[in-house]
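To be precise, the following lines are structure.txt, and they hold compact mmCIF, C-alpha atoms and all ligand atoms.
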# COMPACT_ATOMS: atom_id res chain seq x y z
CA MET A 6 -36.78 12.63 -15.20
CA ASP A 7 -33.86 10.25 -14.89
CA ARG A 8 -31.26 12.49 -16.43
CA THR A 9 -30.25 15.97 -15.39
CA ASP A 10 -29.55 18.80 -17.81
CA LYS A 11 -25.94 19.09 -16.67
CA GLN A 12 -23.53 16.40 -15.58
CA LEU A 13 -22.60 16.51 -11.89
CA CYS A 14 -19.09 15.09 -11.94
CA ARG A 15 -16.84 14.31 -8.94
CA TRP A 16 -13.17 13.69 -9.75
CA HIS A 17 -11.19 11.34 -7.47
CA ALA A 18 -7.46 11.45 -8.14
CA VAL A 19 -5.62 8.20 -7.47
CA ALA A 20 -1.87 7.63 -7.52
CA ASN A 21 -1.71 4.88 -10.14
CA ALA A 22 -3.56 2.00 -11.78
CA GLN A 23 -3.04 -0.30 -8.80
CA ALA A 24 -4.54 2.25 -6.40
CA LEU A 25 -7.45 2.72 -8.78
CA GLN A 26 -8.06 -1.03 -8.83
CA GLN A 27 -8.04 -1.29 -5.05
CA ILE A 28 -10.38 1.68 -4.55
CA ALA A 29 -12.70 0.37 -7.24
CA ILE A 30 -12.91 -3.06 -5.59
CA GLU A 31 -13.70 -1.48 -2.21
CA THR A 32 -16.33 0.79 -3.78
CA VAL A 33 -18.04 -2.06 -5.64
CA LEU A 34 -18.21 -4.14 -2.47
CA ALA A 35 -19.57 -1.23 -0.43
CA SER A 36 -22.22 -0.60 -3.08
CA ALA A 37 -23.14 -4.29 -3.07
CA ALA A 38 -23.37 -4.43 0.72
CA GLY A 39 -25.67 -1.39 0.78
CA ALA A 40 -27.96 -2.68 -1.96
CA ILE A 41 -28.18 -6.18 -0.49
CA HIS A 42 -28.87 -4.77 2.98
CA GLU A 43 -31.61 -2.44 1.69
CA ARG A 44 -33.16 -4.47 -1.13
CA GLY A 45 -31.76 -7.98 -0.95
CA GLU A 46 -30.30 -7.68 -4.46
CA PHE A 47 -27.40 -5.93 -6.21
CA HIS A 48 -27.72 -4.97 -9.89
CA ILE A 49 -24.40 -3.95 -11.42
CA VAL A 50 -23.47 -2.99 -14.98
CA LEU A 51 -19.91 -3.97 -16.00
CA ALA A 52 -17.53 -1.89 -18.07
CA GLY A 53 -15.67 -3.46 -20.96
CA GLY A 54 -12.14 -2.95 -22.24
CA ARG A 55 -8.86 -3.59 -20.41
CA THR A 56 -9.04 -1.19 -17.46
CA PRO A 57 -11.52 -3.18 -15.31
CA ARG A 58 -9.81 -6.56 -15.83
CA GLU A 59 -7.73 -6.52 -12.63
CA ILE A 60 -10.70 -5.09 -10.71
CA TYR A 61 -12.83 -8.04 -11.75
CA HIS A 62 -9.99 -10.44 -10.95
CA GLY A 63 -9.66 -8.90 -7.50
CA LEU A 64 -13.36 -9.40 -6.80
CA CYS A 65 -12.91 -13.19 -7.08
CA THR A 66 -11.45 -13.52 -3.59
CA THR A 67 -13.77 -11.13 -1.77
CA LYS A 68 -16.50 -12.03 0.71
CA THR A 69 -20.03 -11.14 -0.36
CA ASP A 70 -23.40 -12.83 -0.91
CA TRP A 71 -22.91 -13.74 -4.57
CA SER A 72 -26.43 -15.17 -4.75
CA ALA A 73 -27.76 -11.60 -4.57
CA TRP A 74 -25.67 -10.26 -7.47
CA HIS A 75 -27.24 -9.54 -10.88
CA ILE A 76 -24.75 -8.79 -13.67
CA TYR A 77 -25.37 -6.68 -16.79
CA PHE A 78 -23.00 -5.34 -19.45
CA GLY A 79 -22.75 -1.71 -20.53
CA ASP A 80 -21.84 -2.83 -24.00
CA GLU A 81 -20.74 -5.85 -25.99
CA ARG A 82 -18.80 -6.42 -29.15
CA CYS A 83 -20.62 -8.38 -31.88
CA LEU A 84 -18.31 -11.39 -31.99
CA PRO A 85 -18.79 -15.17 -31.66
CA PRO A 86 -19.96 -16.37 -28.22
CA ARG A 87 -16.53 -17.49 -26.95
CA ASP A 88 -14.38 -14.86 -28.60
CA PRO A 89 -11.91 -13.67 -25.91
CA ALA A 90 -12.29 -10.10 -27.20
CA ARG A 91 -15.87 -10.01 -25.96
CA ASN A 92 -16.39 -7.97 -22.81
CA SER A 93 -18.50 -10.75 -21.28
CA CYS A 94 -15.79 -13.36 -21.99
CA MET A 95 -13.15 -11.26 -20.27
CA ALA A 96 -15.33 -10.82 -17.17
CA ALA A 97 -16.22 -14.53 -17.15
CA GLU A 98 -12.60 -15.65 -17.49
CA VAL A 99 -11.13 -13.52 -14.71
CA TRP A 100 -14.17 -13.36 -12.37
CA LEU A 101 -17.66 -14.61 -13.12
CA ASN A 102 -16.68 -18.23 -13.82
CA ASN A 103 -14.94 -18.32 -10.44
CA VAL A 104 -17.72 -17.13 -8.10
CA PRO A 105 -21.17 -18.66 -7.36
CA ILE A 106 -23.40 -16.04 -8.95
CA PRO A 107 -26.47 -17.95 -10.24
CA PRO A 108 -25.97 -18.23 -14.04
CA MET A 109 -29.51 -16.93 -14.64
CA GLN A 110 -28.39 -13.69 -12.95
CA VAL A 111 -25.59 -13.02 -15.41
CA HIS A 112 -27.25 -11.21 -18.31
CA THR A 113 -24.94 -11.24 -21.31
CA ILE A 114 -25.67 -9.39 -24.55
CA ALA A 115 -26.09 -11.85 -27.45
CA GLY A 116 -23.65 -9.99 -29.68
CA GLU A 117 -23.26 -13.06 -31.88
CA LEU A 118 -26.79 -12.38 -33.23
CA GLY A 119 -25.68 -9.09 -34.77
CA ALA A 120 -26.23 -5.60 -33.42
CA ASP A 121 -29.90 -5.11 -34.35
CA GLU A 122 -31.25 -8.39 -32.94
CA ALA A 123 -28.97 -8.33 -29.89
CA ALA A 124 -30.04 -4.77 -29.04
CA LEU A 125 -33.71 -5.67 -29.34
CA GLN A 126 -33.28 -8.71 -27.10
CA TYR A 127 -31.28 -6.82 -24.48
CA SER A 128 -33.80 -3.99 -24.39
CA GLU A 129 -36.40 -6.67 -23.65
CA THR A 130 -34.18 -8.11 -20.90
CA LEU A 131 -33.86 -4.69 -19.28
CA ARG A 132 -37.59 -3.96 -19.41
CA SER A 133 -38.06 -5.65 -16.04
CA VAL A 134 -35.02 -3.99 -14.46
CA GLY A 135 -35.42 -0.69 -12.59
CA TYR A 136 -32.57 1.51 -11.46
CA PHE A 137 -29.17 -0.15 -11.57
CA ASP A 138 -27.43 -0.03 -8.20
CA LEU A 139 -24.03 0.57 -9.76
CA VAL A 140 -22.78 1.24 -13.29
CA LEU A 141 -19.08 0.87 -14.09
CA LEU A 142 -17.83 2.65 -17.21
CA GLY A 143 -14.54 3.17 -19.00
CA LEU A 144 -13.40 6.14 -21.06
CA GLY A 145 -12.03 5.91 -24.58
CA GLU A 146 -9.28 8.10 -26.03
CA ASP A 147 -11.94 9.95 -28.05
CA GLY A 148 -14.19 10.44 -25.03
CA HIS A 149 -16.43 7.46 -25.74
CA THR A 150 -17.93 5.35 -22.99
CA ALA A 151 -19.53 1.93 -23.31
CA SER A 152 -20.02 1.89 -27.08
CA LEU A 153 -21.36 5.42 -27.31
CA PHE A 154 -18.98 7.07 -29.79
CA PRO A 155 -18.61 10.65 -31.08
CA GLY A 156 -20.76 11.22 -34.16
CA HIS A 157 -23.15 8.38 -33.27
CA ASP A 158 -26.53 8.30 -31.51
CA TRP A 159 -25.96 8.22 -27.74
CA GLY A 160 -29.59 7.60 -26.83
CA THR A 161 -29.89 10.62 -24.55
CA ALA A 162 -33.62 11.20 -24.96
CA PRO A 163 -35.68 9.72 -22.10
CA GLY A 164 -37.67 7.53 -24.51
CA SER A 165 -34.54 6.02 -26.12
CA GLN A 166 -34.23 2.28 -26.53
CA ASP A 167 -32.40 0.80 -23.53
CA ALA A 168 -29.92 -0.98 -25.81
CA LEU A 169 -28.65 0.53 -29.05
CA ALA A 170 -27.27 -1.20 -32.14
CA VAL A 171 -23.92 0.36 -33.08
CA PHE A 172 -22.39 0.12 -36.56
CA ASP A 173 -19.12 1.58 -37.90
CA ALA A 174 -17.71 1.89 -34.39
CA PRO A 175 -14.26 3.57 -34.63
CA LYS A 176 -12.94 1.10 -32.03
CA PRO A 177 -13.04 -2.43 -33.49
CA PRO A 178 -15.10 -4.40 -33.92
CA PRO A 179 -17.40 -2.13 -35.90
CA GLN A 180 -20.62 -3.80 -34.77
CA ARG A 181 -21.52 -3.46 -31.10
CA VAL A 182 -24.43 -3.13 -28.71
CA SER A 183 -24.43 -0.37 -26.11
CA LEU A 184 -26.74 0.64 -23.34
CA SER A 185 -28.04 4.11 -24.14
CA ALA A 186 -26.93 7.17 -22.21
CA ALA A 187 -30.45 7.45 -20.84
CA ARG A 188 -30.42 3.83 -19.59
CA LEU A 189 -26.91 4.08 -18.13
CA SER A 190 -28.12 7.19 -16.29
CA ARG A 191 -30.94 5.28 -14.60
CA ALA A 192 -28.61 4.27 -11.80
CA ARG A 193 -28.10 5.00 -8.11
CA GLN A 194 -24.33 5.22 -8.63
CA VAL A 195 -22.09 5.58 -11.71
CA ILE A 196 -18.31 5.18 -11.51
CA PHE A 197 -15.88 5.81 -14.35
CA LEU A 198 -12.53 4.00 -14.30
CA VAL A 199 -9.86 6.02 -16.09
CA SER A 200 -6.16 5.22 -16.27
CA GLY A 201 -3.39 5.44 -18.85
CA GLU A 202 -1.73 8.44 -20.48
CA SER A 203 -3.70 7.73 -23.68
CA LYS A 204 -6.80 9.10 -21.87
CA HIS A 205 -5.20 12.45 -20.97
CA ARG A 206 -6.74 14.42 -23.87
CA ALA A 207 -10.17 12.88 -23.27
CA VAL A 208 -10.02 13.81 -19.58
CA THR A 209 -8.94 17.34 -20.48
CA ALA A 210 -11.80 17.65 -22.99
CA TRP A 211 -14.24 16.29 -20.40
CA ARG A 212 -13.15 18.79 -17.75
CA ALA A 213 -13.37 21.58 -20.35
CA GLU A 214 -17.01 20.51 -20.81
CA ASN A 215 -16.54 19.49 -24.44
CA ASN A 216 -19.49 17.51 -25.77
CA ILE A 217 -18.05 14.00 -25.43
CA PRO A 218 -20.14 10.85 -24.89
CA ALA A 219 -18.92 10.40 -21.30
CA ARG A 220 -20.64 13.68 -20.39
CA ALA A 221 -23.96 12.33 -21.62
CA ILE A 222 -24.17 10.01 -18.59
CA ARG A 223 -26.21 12.15 -16.17
CA PRO A 224 -27.78 10.27 -13.25
CA GLU A 225 -29.48 12.45 -10.62
CA THR A 226 -26.76 11.50 -8.14
CA GLY A 227 -23.97 12.58 -10.49
CA VAL A 228 -20.99 10.49 -11.55
CA ASP A 229 -17.72 9.67 -9.79
CA VAL A 230 -14.54 9.42 -11.84
CA LEU A 231 -11.63 7.40 -10.44
CA VAL A 232 -8.75 8.86 -12.42
CA GLU A 233 -4.97 8.68 -12.27
CA SER A 234 -3.79 12.00 -10.89
CA THR A 235 -1.38 12.62 -13.78
CA LEU A 236 -4.38 12.85 -16.13
CA LEU A 237 -5.67 15.86 -14.21
CA GLU A 238 -2.51 17.86 -14.95
CA PRO A 239 -2.52 20.32 -17.87
CA LEU A 240 -1.54 18.82 -21.21
CA ALA A 241 1.81 19.79 -22.73
CA LEU A 242 1.25 22.31 -25.53
CA PRO A 243 1.80 20.01 -28.58
CA ASP A 244 -0.83 17.61 -27.20
CA ILE A 245 -3.45 20.32 -26.96
CA GLN A 246 -3.15 21.36 -30.60
CA GLY A 247 -5.38 19.63 -33.08
CA GLU A 248 -9.10 19.28 -33.11
CA PHE A 249 -10.56 17.00 -30.38
CA LYS A 250 -13.40 15.35 -32.32
CA CYS A 251 -16.41 15.56 -30.03
CA ASN A 252 -19.60 14.92 -31.95
C1 LIG B 1 -15.08 -1.59 -25.11
C2 LIG B 1 -15.49 -0.78 -23.91
C3 LIG B 1 -15.04 0.63 -24.06
C4 LIG B 1 -13.90 0.78 -23.07
C5 LIG B 1 -13.09 2.01 -23.35
C6 LIG B 1 -11.81 2.00 -22.50
O1 LIG B 1 -15.85 -2.42 -25.58
O2 LIG B 1 -13.94 -1.39 -25.55
O3 LIG B 1 -16.74 -0.89 -23.55
O4 LIG B 1 -15.98 1.61 -23.79
O5 LIG B 1 -14.43 0.85 -21.74
O6 LIG B 1 -12.74 2.01 -24.73
O7 LIG B 1 -11.10 0.83 -22.84
P1 LIG B 1 -9.75 0.43 -22.04
O8 LIG B 1 -10.16 0.20 -20.63
O9 LIG B 1 -9.27 -0.81 -22.73
O10 LIG B 1 -8.80 1.61 -22.18
Target format structure tokens, applied to this file:
Amino acid sequence: MDRTDKQLCRWHAVANAQALQQIAIETVLASAAGAIHERGEFHIVLAGGRTPREIYHGLCTTKTDWSAWHIYFGDERCLPPRDPARNSCMAAEVWLNNVPIPPMQVHTIAGELGADEAALQYSETLRSVGYFDLVLLGLGEDGHTASLFPGHDWGTAPGSQDALAVFDAPKPPPQRVSLSAARLSRARQVIFLVSGESKHRAVTAWRAENNIPARAIRPETGVDVLVESTLLEPLALPDIQGEFKCN
């Protein structure tokens, strides 16, 4: 069984966003070197949103065998192909267009087709892919990750579709495609990238074992969370009050 019944979570406090970026770059490169050494290939799932942008930019100037890299996306927003708000366009602009990864090895999600068709096609793409070597994920203010949102299907059951169509997402745009929790858990290594005071309540809810989407990612090896140290401090009282919507 790919997923465990409880999330094994290791918290790594970092001083600030810049430190997080540097540690993330080093960790990605170490993961790539290990996978390429052992299997000749490196299969990595990219996180969307703003947090990873500088990490991706920093990877541009690093030394690695780009021909062995295979790129996937944890989720995609259903927008036109060149819309800068797409997760794949951000990664391409700051990184992928600037390194010699064979284009056939960059597997974008065809969000422009709409959530249903794009999810079907991406599930087909992933059928031939085994365990990911590394999955990068962000954390939303409501505890979401990829495009797995509270109150939606997270695809936790082992037989879930690899890619899910998402409608009415609370974070625009409403239509998205997300890898399921089960598929994101089929990975040798999962790293969350968490910075910014806006994530403090979500981190607190996570550590209190509230049922947030981020806790649904349960690879056998556990997950590692690179998190700004200030987000591990107790919340001031007014911030704690009020329901933290979990599911
Ligand atoms: C997206 C992302 C989403 C993101 C988190 C954190 O499409 O927006 O996949 O899951 O990782 O919302 O976003 P930031 O890094 O911008 O805070």
Discussion item. Neighbouring residues of Gly45 in chain A were defined as those with any atom within 8 Å, considering all atoms listed in the file; residues of the same chain fewer than 4 positions away were excluded. Please report them as a PyMOL selection string.
Written reply: chain A and resi 40-41+73
Quick one: everything within 8 Å of range 124-135 of chain A, counting all atoms listed in the file, minus sequence neighbours fewer than 6 positions away in the same chain. Send it as an mmCIF file with C-alpha atoms, keeping the file's coordinate frame.
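out33.cif was written with the following content:
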data_model
loop_
_atom_site.group_PDB
_atom_site.id
_atom_site.type_symbol
_atom_site.label_atom_id
_atom_site.label_comp_id
_atom_site.auth_asym_id
_atom_site.auth_seq_id
_atom_site.Cartn_x
_atom_site.Cartn_y
_atom_site.Cartn_z
ATOM 1 C CA ILE A 114 -25.670 -9.390 -24.550
ATOM 2 C CA ALA A 115 -26.090 -11.850 -27.450
ATOM 3 C CA GLN A 166 -34.230 2.280 -26.530
ATOM 4 C CA ASP A 167 -32.400 0.800 -23.530
ATOM 5 C CA ALA A 168 -29.920 -0.980 -25.810
ATOM 6 C CA LEU A 169 -28.650 0.530 -29.050
ATOM 7 C CA ALA A 170 -27.270 -1.200 -32.140
ATOM 8 C CA VAL A 182 -24.430 -3.130 -28.710
ATOM 9 C CA SER A 183 -24.430 -0.370 -26.110
ATOM 10 C CA ARG A 191 -30.940 5.280 -14.600
#
Fill in: Point-to-point distance in Å for CA of Pro85 in chain A and CA of Leu144 in chain A
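Pair CA of Leu144 in chain A / CA of Pro85 in chain A returns 24.4 Å.
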Discussion item. I need the residue nearest ligand LIG 1 (chain B) from this list: A:Val33, A:Val50, A:Ala187, A:Leu139. Use all atoms listed in the file for the distance.
Written reply: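 Looking only at the distances to ligand LIG 1 (chain B), the closest residue turns out to be A:Val50.
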Practice prompt. Could you check how far CA of Asp158 in chain A sits from CA of Ala213 in chain A, in Å to one decimal?
Written response: 21.8 Å
